[in-house]
Structure formats: structure tokens, C-alpha cells
file coords_19.cif (mmCIF, C-alpha atoms)
data_start
#
loop_
_atom_site.label_atom_id
_atom_site.label_comp_id
_atom_site.auth_asym_id
_atom_site.auth_seq_id
_atom_site.Cartn_x
_atom_site.Cartn_y
_atom_site.Cartn_z
CA MET A 1 0.00 0.00 0.00
CA SER A 2 2.99 2.31 0.33
CA LEU A 3 3.14 2.39 -3.47
CA ALA A 4 -0.25 4.12 -3.43
CA LEU A 5 1.44 7.25 -2.08
CA PRO A 6 2.05 9.88 -4.77
CA GLY A 7 5.73 10.09 -5.66
CA LEU A 8 6.67 6.71 -4.16
CA GLY A 9 6.79 4.87 -7.45
CA LYS A 10 8.59 1.88 -8.82
CA ALA A 11 12.14 3.20 -8.61
CA THR A 12 11.75 4.68 -5.14
CA GLY A 13 9.98 1.61 -3.77
CA VAL A 14 12.67 -0.73 -5.07
CA ALA A 15 15.45 1.52 -3.75
CA VAL A 16 13.89 1.65 -0.28
CA ALA A 17 13.43 -2.14 -0.21
CA ILE A 18 16.99 -3.01 -1.29
CA PRO A 19 18.42 -2.94 2.30
CA MET A 20 15.73 -5.45 3.31
CA THR A 21 17.06 -7.95 0.78
CA PHE A 22 20.48 -8.20 2.44
CA TYR A 23 19.08 -10.72 4.94
CA LEU A 24 17.10 -12.79 2.41
CA GLN A 25 18.00 -15.60 0.08
CA PRO A 26 18.80 -14.46 -3.47
CA VAL A 27 15.62 -15.94 -4.97
CA ALA A 28 13.42 -14.42 -2.27
CA ALA A 29 15.17 -11.04 -2.56
CA ILE A 30 14.70 -10.89 -6.33
CA ALA A 31 11.07 -11.98 -5.95
CA LEU A 32 10.48 -9.19 -3.43
CA LEU A 33 11.93 -6.52 -5.70
CA ILE A 34 10.01 -7.81 -8.72
CA GLY A 35 6.80 -7.82 -6.70
CA ILE A 36 7.32 -4.21 -5.67
CA ALA A 37 8.09 -3.18 -9.24
CA LYS A 38 5.05 -4.99 -10.62
CA GLY A 39 2.73 -3.78 -7.87
CA SER A 40 3.63 -0.14 -8.40
CA ALA A 41 1.41 0.08 -11.49
CA ALA A 42 -1.72 -0.93 -9.59
CA GLY A 43 -0.70 0.96 -6.45
CA SER A 44 -0.16 4.25 -8.25
CA ALA A 45 -3.68 4.01 -9.67
CA VAL A 46 -5.19 4.17 -6.17
CA SER A 47 -4.25 7.79 -5.56
CA ALA A 48 -5.09 8.65 -9.18
CA ILE A 49 -8.64 7.35 -8.75
CA LEU A 50 -9.35 8.50 -5.21
CA LEU A 51 -7.40 11.78 -5.06
CA ASN A 52 -6.92 12.69 -8.73
CA THR A 53 -3.19 12.62 -7.98
CA PRO A 54 -1.30 9.96 -9.97
CA GLY A 55 1.32 8.07 -8.02
CA GLU A 56 3.38 7.86 -11.21
CA PRO A 57 3.28 9.71 -14.52
CA SER A 58 2.02 6.53 -16.18
CA SER A 59 -1.13 6.73 -14.02
CA ALA A 60 -2.09 10.18 -15.28
CA PRO A 61 -4.57 8.75 -17.86
CA THR A 62 -6.13 6.71 -15.05
CA ALA A 63 -7.05 9.92 -13.24
CA LEU A 64 -8.93 11.21 -16.28
CA ASP A 65 -11.53 8.43 -16.09
CA GLY A 66 -11.04 6.98 -12.61
CA TYR A 67 -11.50 10.14 -10.57
CA PRO A 68 -14.85 11.09 -12.21
CA LEU A 69 -16.10 7.58 -11.39
CA ALA A 70 -14.99 8.06 -7.79
CA ARG A 71 -16.92 11.34 -7.65
CA GLN A 72 -19.99 9.41 -8.82
CA GLY A 73 -19.66 6.89 -5.99
CA LYS A 74 -18.13 4.18 -8.20
CA ALA A 75 -14.64 4.20 -6.71
CA GLN A 76 -14.67 0.45 -6.04
CA LYS A 77 -15.52 -0.27 -9.67
CA ALA A 78 -12.75 2.03 -10.87
CA LEU A 79 -10.20 0.45 -8.49
CA LYS A 80 -11.11 -3.06 -9.67
CA MET A 81 -10.81 -2.04 -13.30
CA GLY A 82 -7.47 -0.37 -12.61
CA LEU A 83 -6.19 -3.53 -10.91
CA PHE A 84 -7.34 -5.82 -13.72
CA ALA A 85 -5.93 -3.51 -16.40
CA SER A 86 -2.58 -3.25 -14.58
CA VAL A 87 -2.20 -7.01 -14.13
CA ILE A 88 -3.25 -7.91 -17.67
CA GLY A 89 -1.25 -5.10 -19.28
CA ASP A 90 1.88 -5.85 -17.25
CA PHE A 91 1.67 -9.58 -18.03
CA LEU A 92 1.22 -9.03 -21.76
CA SER A 93 3.95 -6.39 -21.88
CA THR A 94 6.36 -8.80 -20.19
CA LEU A 95 5.63 -11.44 -22.82
CA VAL A 96 6.10 -8.90 -25.61
CA LEU A 97 9.38 -7.74 -24.05
CA ILE A 98 10.70 -11.31 -23.91
CA ALA A 99 9.75 -11.94 -27.54
CA LEU A 100 10.75 -8.61 -29.10
CA ALA A 101 13.56 -7.24 -26.92
CA ALA A 102 16.38 -8.47 -29.15
CA PRO A 103 14.84 -7.42 -32.52
CA LEU A 104 13.88 -4.00 -31.17
CA ALA A 105 17.39 -3.49 -29.79
CA ARG A 106 18.84 -4.05 -33.25
CA TYR A 107 16.47 -1.47 -34.74
CA ALA A 108 17.17 0.98 -31.89
CA LEU A 109 20.86 1.04 -32.81
CA LEU A 110 19.91 2.27 -36.30
CA ILE A 111 18.02 5.34 -35.00
CA GLY A 112 19.80 8.54 -35.96
CA PRO A 113 19.10 12.29 -36.09
CA VAL A 114 16.57 11.92 -38.93
CA GLU A 115 14.52 9.36 -37.04
CA LEU A 116 14.67 11.39 -33.83
CA CYS A 117 13.43 14.47 -35.70
CA ALA A 118 10.55 12.43 -37.13
CA ILE A 119 9.63 11.17 -33.65
CA LEU A 120 9.64 14.72 -32.27
CA LEU A 121 7.43 15.96 -35.12
CA PHE A 122 5.06 13.06 -34.55
CA SER A 123 4.86 13.83 -30.83
CA LEU A 124 4.07 17.48 -31.51
CA THR A 125 1.38 16.63 -34.06
CA PHE A 126 -0.03 14.05 -31.67
CA ILE A 127 -0.87 16.92 -29.35
CA GLY A 128 -3.56 17.97 -31.84
CA GLY A 129 -5.47 14.79 -31.11
CA LEU A 130 -5.24 15.28 -27.36
CA ALA A 131 -5.85 19.02 -27.22
CA GLY A 132 -9.61 18.53 -27.43
CA ARG A 133 -11.63 21.59 -28.30
CA SER A 134 -8.94 24.13 -27.48
CA MET A 135 -5.95 23.86 -29.78
CA LEU A 136 -4.42 26.95 -28.16
CA LYS A 137 -4.23 25.24 -24.75
CA GLY A 138 -2.60 22.21 -26.34
CA LEU A 139 0.03 24.34 -28.06
CA ILE A 140 0.72 26.26 -24.84
CA ALA A 141 1.16 22.99 -22.93
CA ALA A 142 3.49 21.68 -25.65
CA ALA A 143 5.53 24.89 -25.54
CA PHE A 144 5.91 24.60 -21.77
CA GLY A 145 6.97 20.98 -22.16
CA VAL A 146 9.63 21.84 -24.73
CA PHE A 147 10.83 24.71 -22.54
CA PHE A 148 11.25 22.57 -19.43
CA ALA A 149 12.92 19.83 -21.47
CA THR A 150 15.71 22.24 -22.46
CA ILE A 151 16.83 22.63 -18.83
CA GLY A 152 20.05 20.77 -18.11
CA ILE A 153 23.32 20.01 -19.85
CA GLU A 154 23.14 20.11 -23.64
CA THR A 155 24.10 16.69 -25.01
CA GLU A 156 26.17 17.93 -27.96
CA THR A 157 28.23 20.75 -26.42
CA PHE A 158 27.87 19.81 -22.70
CA ILE A 159 26.99 23.42 -21.91
CA PRO A 160 24.53 23.85 -19.00
CA ARG A 161 21.29 25.59 -19.96
CA MET A 162 19.14 27.41 -17.42
CA THR A 163 20.61 25.53 -14.47
CA PHE A 164 21.33 28.76 -12.53
CA GLY A 165 24.44 27.17 -11.07
CA LEU A 166 22.50 24.33 -9.39
CA LEU A 167 24.05 20.90 -9.77
CA GLU A 168 20.65 19.31 -9.22
CA LEU A 169 19.46 20.75 -12.55
CA ASP A 170 22.36 19.44 -14.63
CA ASP A 171 20.36 16.31 -15.47
CA GLY A 172 17.23 18.35 -16.13
CA ILE A 173 13.95 18.31 -14.26
CA SER A 174 12.89 14.82 -13.29
CA LEU A 175 9.62 13.70 -14.83
CA VAL A 176 8.16 12.23 -11.64
CA PRO A 177 8.44 15.35 -9.41
CA MET A 178 7.19 17.57 -12.24
CA ALA A 179 4.18 15.40 -13.04
CA ILE A 180 3.27 14.82 -9.41
CA GLY A 181 3.74 18.49 -8.53
CA MET A 182 1.71 19.85 -11.42
CA LEU A 183 -1.18 17.41 -11.03
CA ALA A 184 -1.23 17.22 -7.23
CA ILE A 185 -0.90 20.94 -6.52
CA SER A 186 -3.57 21.86 -9.06
CA GLU A 187 -5.96 19.32 -7.55
CA MET A 188 -5.24 20.60 -4.02
CA VAL A 189 -6.04 24.15 -5.12
CA ILE A 190 -9.27 23.03 -6.81
CA GLN A 191 -10.44 21.03 -3.81
CA ALA A 192 -9.48 23.81 -1.40
CA ALA A 193 -11.58 26.26 -3.40
CA MET A 194 -14.63 23.98 -3.39
CA PRO A 195 -16.95 24.23 -0.36
CA THR A 196 -17.11 21.09 1.69
CA ALA A 197 -20.31 19.34 2.63
CA SER A 198 -20.04 20.48 6.24
CA THR A 199 -19.96 24.14 5.23
CA ALA A 200 -22.50 23.89 2.42
CA LYS A 201 -25.32 22.29 4.44
CA PRO A 202 -25.54 24.95 7.19
CA LYS A 203 -25.58 27.66 4.52
CA LYS A 204 -28.46 25.95 2.73
CA SER A 205 -30.38 25.48 5.98
CA ARG A 206 -29.94 29.17 6.88
CA GLN A 207 -31.34 30.12 3.48
CA LEU A 208 -34.38 27.93 4.06
CA LEU A 209 -34.97 29.41 7.51
CA ALA A 210 -34.61 32.93 6.16
CA GLY A 211 -37.15 32.18 3.43
#
call {"tool": "encode", "arguments": {"input": "coords_19.cif", "output": "C-alpha cells"}}
result
Amino acid sequence: MSLALPGLGKATGVAVAIPMTFYLQPVAAIALLIGIAKGSAAGSAVSAILLNTPGEPSSAPTALDGYPLARQGKAQKALKMGLFASVIGDFLSTLVLIALAAPLARYALLIGPVELCAILLFSLTFIGGLAGRSMLKGLIAAAFGVFFATIGIETETFIPRMTFGLLELDDGISLVPMAIGMLAISEMVIQAAMPTASTAKPKKSRQLLAG
């Protein structure tokens, strides 16, 4: 259940559990780490569904459909579906990885600047399909993403860009803190601005008494 906490994802969970494996047999230790890594997908969906705060960036799409179901009183249904989807998807992806890891590795070595440029153009055009009704918002979000991706050491010249002398920014902004911070803080602000049930009911009762 600790993997249901936002920010405590697969990498962090495995890193925290590594000292526990020093006193276990090798097979049991590897099984423990694999279980934590596999369970992080389903665990990160819990906070995405209940709090609209994905535990990992990969659970961000789960919040789009899971959190509205939780608001409708169907949180248990959403959690079950998230668990089934995580187990089935992880199992199938493992089989695909075993079968296609070697062929894909050979093709990955052939990727050059032209292919990378094509992938970047595809990713930018893909935003048009996800922008919904407002293309302007999608372009603004893409521009912010490109801007934040430029922070760090440039790979060709090894010149730091917008690091402001901080060594922590040499590798760029980590995806997990950025995704968790943007989604979690915005949801906290939205929920803080909404009146709670305890404050809304007395106000409604006072209006009825005044009428």
C-alpha cells in the first residue's frame, strides 16, 4: 500500500526495499523486488482514482476516467478495473518484451538524427489529437513541455542551460516530481476552493430558515 502514495513509485519503492534484501535468500530477494516493481502500477492508480493525484506519470490517464467515477460513488468499480488492467497489461507487456527485446534493440541502434526528428514531429502533431476543443491550450502545454525539457546540460556541447548554477538541474527536471507536482498541486487548489459538505449544508439550511 505504500506504493499508493504519490511520488513513491517503482524506482523509489525498489530503492527503499533493497536494504531489506540483504538478509534474504537471493531468490526471495529478487522476488520481493520484482513484486514491488510490478505492484507499483496498480498501487499508483489508487491515488489517481481517489485523489486525482497519480502516483506515477504513467497513471495520469487513469485519473482522467477513474477520478470522475470516484466522484460518482463508483470508486470500487474504478479500483477493480485499474487492478485488472494493470495485471493484464503488465503480463502481456512482459511477454512482448521477452519476444521482441532483441529485434527491437537491433532497430534501436539504427536510429539517428533523422529518425529522432521524425519522432519529435510526430509527438508534436499528436498533441492535436489530445488538445480537445482548445488547440491553443494544447500548443501552450506543448511549448511549456519543450521549454522545461531544455533545462540541463546540452548533449552535444555539454553546456549547461538554465541551471542557474544548481548541480541538481544538470540532469534536467525529473519527470516524476514535475508530473506529481503539477497534477497534485492543481488538484489541491481546486479542492481547497470547493466548499465542503459540512460548510454547504448549514448555509443551505440558513437560506431555508430565512425564506
call {"tool": "residues_near_point", "arguments": {"input": "coords_19.cif", "point": "(-10.3, 7.1, -13.8)", "cutoff": "12 Å", "atoms": "all atoms listed in the file", "output": "ChimeraX atom specification"}}
result
/A:44-54,59-72,74-83,85
call {"tool": "residues_near_point", "arguments": {"input": "coords_19.cif", "point": "(5.7, -5.6, -7.6)", "cutoff": "12 Å", "atoms": "only C-alpha atoms", "output": "list of chain:residue names"}}
result
A:Met1, A:Ser2, A:Leu3, A:Gly9, A:Lys10, A:Ala11, A:Gly13, A:Val14, A:Ala17, A:Ile30, A:Ala31, A:Leu32, A:Leu33, A:Ile34, A:Gly35, A:Ile36, A:Ala37, A:Lys38, A:Gly39, A:Ser40, A:Ala41, A:Ala42, A:Gly43, A:Ser44, A:Ser86, A:Val87, A:Asp90, A:Phe91
call {"tool": "atom_distance", "arguments": {"input": "coords_19.cif", "atom1": "CA of Thr125 in chain A", "atom2": "CA of Phe144 in chain A"}}
result
15.3 Å
call {"tool": "closest_residue", "arguments": {"input": "coords_19.cif", "among": "A:Gly181, A:Pro26, A:Pro103, A:Gly172", "to": "Val146 in chain A", "atoms": "all atoms listed in the file"}}
result
A:Gly172
call {"tool": "atom_distance", "arguments": {"input": "coords_19.cif", "atom1": "CA of Glu168 in chain A", "atom2": "CA of Gly152 in chain A"}}
result
9.0 Å
call {"tool": "atom_distance", "arguments": {"input": "coords_19.cif", "atom1": "CA of Ala141 in chain A", "atom2": "CA of Phe122 in chain A"}}
result
15.8 Å
call {"tool": "closest_residue", "arguments": {"input": "coords_19.cif", "among": "A:Leu121, A:Met194, A:Ala149, A:Met162", "to": "Leu175 in chain A", "atoms": "only C-alpha atoms"}}
result
A:Ala149
call {"tool": "closest_residue", "arguments": {"input": "coords_19.cif", "among": "A:Ala108, A:Met135, A:Ala142, A:Ile190", "to": "Ser123 in chain A", "atoms": "only C-alpha atoms"}}
result
A:Ala142
call {"tool": "resolve_selection", "arguments": {"input": "coords_19.cif", "expression": "the PyMOL selection byres ((chain A and resi 153-156) around 12)", "output": "list in words"}}
result
Ala149, Thr150, Ile151, Gly152, Thr157, Phe158, Ile159, Pro160, Arg161, Met162, Thr163, Phe164, Gly165, Leu166, Leu167, Glu168, Leu169, Asp170, Asp171, Gly172 and Ile173 of chain A
